[in-house]
Amino acid sequence: MTKKIIISLAVIVALACGILYARGLLSVHQGMEPPADLAALKLEKTPKAAPDVAFTDAKGVRFKLSGFKGRFVLLNLWATWCAPCVAELPALARLAVFAPGIRVIPVNMDRGEVDAEAFLKSHKVKLPVFRDSDVVMLKSFGAYGLPMTVLIDPDGKVIAKAEGPAEWDSPEAVKYFKRISGT
């Protein structure tokens with residue numbers, strides 16, 4: 001009799017969780033909701049593997065996104081001609097310092113011979129320089145505009161996206177990134 005009750009309760013709990021999940025009241029992101037300061041950062045309903053795209057650093061060394069698995073990544077797609085992109089770069093640089101558990105990867109989308117490293121220096125922004133002059137990332141992530149920022153979990157899954165700028169270094173945002181990264 002006890003075994004039947006336990007099985008019945010387990011079935012009821014499983015059904016209730018399924019109903020709550022279907023109605024959006026329970027989420028695979030439970031506890032991962034961004035604060036109001038990061039209103040632009042929207043959680044993905046179903047996390048999916050991030051495309052394993054390649055990009056280069058300022059010296060031409062090639063990287064793949066999968067090489068950053070094992071930690072949270074905040075991938076920011078930007079360009080020198082994009083005013084909102086340029087405006088949010090200092091906040092991303094401060095976030096990289098304040099929340100070291102998050103790897104901030106800014107990838108420049110400019111085509112041609114733009115010197116992104118000199119551009120960042122002229123704007124007093126201390127971030128690593130990465131480039132995707134073939135704009136493969138824009139296509140792979142379905143970006144329709146810039147800036148676009150993607151939050152990738154340690155398993156390499158896209159868990160949130162921001163289309164447009166955000167306050168990456170606000171006190172609430174820093175707390176959020178520290179909490180989710182465990183730092």
# chains A, B, ... in the order shown; residues from 1 in each chain; ligands from 1
>>> residues_around(residues="range 53-69 of chain A", least_positions_apart="2", cutoff="6 Å", atoms="only C-alpha atoms", output="ChimeraX atom specification")
/A:51,71,129-132,154,156
>>> write_last_selection(atoms="C-alpha atoms", output="PDB file, in the first residue's frame")
ATOM      1  CA  PRO A  51      26.979  27.764 -32.381  1.00  0.00           C
ATOM      2  CA  ARG A  71      32.521  29.060 -17.369  1.00  0.00           C
ATOM      3  CA  VAL A 129      40.161  42.443 -28.945  1.00  0.00           C
ATOM      4  CA  PHE A 130      38.358  39.791 -30.958  1.00  0.00           C
ATOM      5  CA  ARG A 131      37.134  40.062 -34.555  1.00  0.00           C
ATOM      6  CA  ASP A 132      34.683  38.359 -36.839  1.00  0.00           C
ATOM      7  CA  PRO A 154      29.323  26.654 -18.640  1.00  0.00           C
ATOM      8  CA  GLY A 156      27.936  25.971 -23.819  1.00  0.00           C
TER       9      GLY A 156
END
>>> closest_atom_pairs(of="range 14-122 of chain A", to="range 163-168 of chain A", cutoff="7 Å", atoms="only C-alpha atoms", output="tab-separated table")
residue	atom	partner	partner_atom	distance
A:Asp37	CA	A:Glu167	CA	6.2
A:Leu38	CA	A:Ala166	CA	5.9
A:Ala40	CA	A:Ala166	CA	6.0
A:Pro84	CA	A:Pro165	CA	6.1
A:Cys85	CA	A:Pro165	CA	6.8
A:Glu88	CA	A:Pro165	CA	6.3
A:Ala91	CA	A:Trp168	CA	5.5
A:Leu92	CA	A:Trp168	CA	5.8
A:Leu95	CA	A:Trp168	CA	6.2
>>> write_last_selection(atoms="N, CA and C atoms", output="mmCIF file, in the first residue's frame")
data_model
loop_
_atom_site.group_PDB
_atom_site.id
_atom_site.type_symbol
_atom_site.label_atom_id
_atom_site.label_comp_id
_atom_site.auth_asym_id
_atom_site.auth_seq_id
_atom_site.Cartn_x
_atom_site.Cartn_y
_atom_site.Cartn_z
ATOM 1 N N ASP A 37 17.682 46.182 -13.916
ATOM 2 C CA ASP A 37 18.756 46.925 -14.595
ATOM 3 C C ASP A 37 19.171 46.255 -15.905
ATOM 4 N N LEU A 38 18.917 44.972 -16.003
ATOM 5 C CA LEU A 38 19.262 44.216 -17.213
ATOM 6 C C LEU A 38 18.000 43.811 -17.969
ATOM 7 N N ALA A 40 17.070 44.407 -20.826
ATOM 8 C CA ALA A 40 17.329 44.002 -22.210
ATOM 9 C C ALA A 40 17.713 42.527 -22.312
ATOM 10 N N PRO A 84 25.452 52.909 -29.836
ATOM 11 C CA PRO A 84 25.093 52.213 -28.597
ATOM 12 C C PRO A 84 26.138 51.164 -28.194
ATOM 13 N N CYS A 85 26.784 50.544 -29.183
ATOM 14 C CA CYS A 85 27.841 49.566 -28.897
ATOM 15 C C CYS A 85 29.001 50.250 -28.173
ATOM 16 N N GLU A 88 28.320 51.232 -24.564
ATOM 17 C CA GLU A 88 28.256 50.197 -23.531
ATOM 18 C C GLU A 88 29.586 49.472 -23.304
ATOM 19 N N ALA A 91 31.138 49.811 -19.794
ATOM 20 C CA ALA A 91 30.397 49.049 -18.785
ATOM 21 C C ALA A 91 30.772 47.569 -18.851
ATOM 22 N N LEU A 92 30.951 47.049 -20.051
ATOM 23 C CA LEU A 92 31.377 45.650 -20.198
ATOM 24 C C LEU A 92 32.778 45.449 -19.621
ATOM 25 N N LEU A 95 32.420 45.366 -15.890
ATOM 26 C CA LEU A 95 31.824 44.095 -15.480
ATOM 27 C C LEU A 95 32.884 43.000 -15.463
#
>>> closest_residue(among="A:Ala173, A:Ile152, A:Leu127, A:Val104", to="Gly70 in chain A", atoms="only C-alpha atoms")
A:Ile152
>>> closest_residue(among="A:Val114, A:Leu151, A:Asp52, A:Arg94", to="Val136 in chain A", atoms="only C-alpha atoms")
A:Asp52
>>> residues_around(residues="Arg103 in chain A", least_positions_apart="4", cutoff="8 Å", atoms="only C-alpha atoms", output="VMD selection string")
chain A and resid 71 to 74 96
>>> atom_distance(atom1="CA of Pro106 in chain A", atom2="CA of Ala39 in chain A")
19.9 Å
>>> closest_residue(among="A:Gly145, A:Gly101, A:Leu43, A:Glu113", to="Ser181 in chain A", atoms="only C-alpha atoms")
A:Gly101
>>> closest_residue(among="A:Ala50, A:Met137, A:Thr80, A:Arg179", to="Asp110 in chain A", atoms="only C-alpha atoms")
A:Thr80
>>> residues_around(residues="Ser133 in chain A", least_positions_apart="5", cutoff="8 Å", atoms="only C-alpha atoms", output="list of chain:residue names")
A:Asn108, A:Met109, A:Asp110, A:Arg111, A:Gly112
>>> select_by_dssp(residues="chain A", states="strand (DSSP E or B)", output="PyMOL selection string")
chain A and resi 41-49+54-57+62-64+72-78+102-108+130-131+148-152+157-163
>>> select_by_dssp(residues="range 86-150 of chain A", states="helix (DSSP H, G or I)", output="number ranges by chain")
A: 86-98, 116-122, 136-140
>>> atom_distance(atom1="CA of Asp134 in chain A", atom2="CA of Ser122 in chain A")
24.2 Å
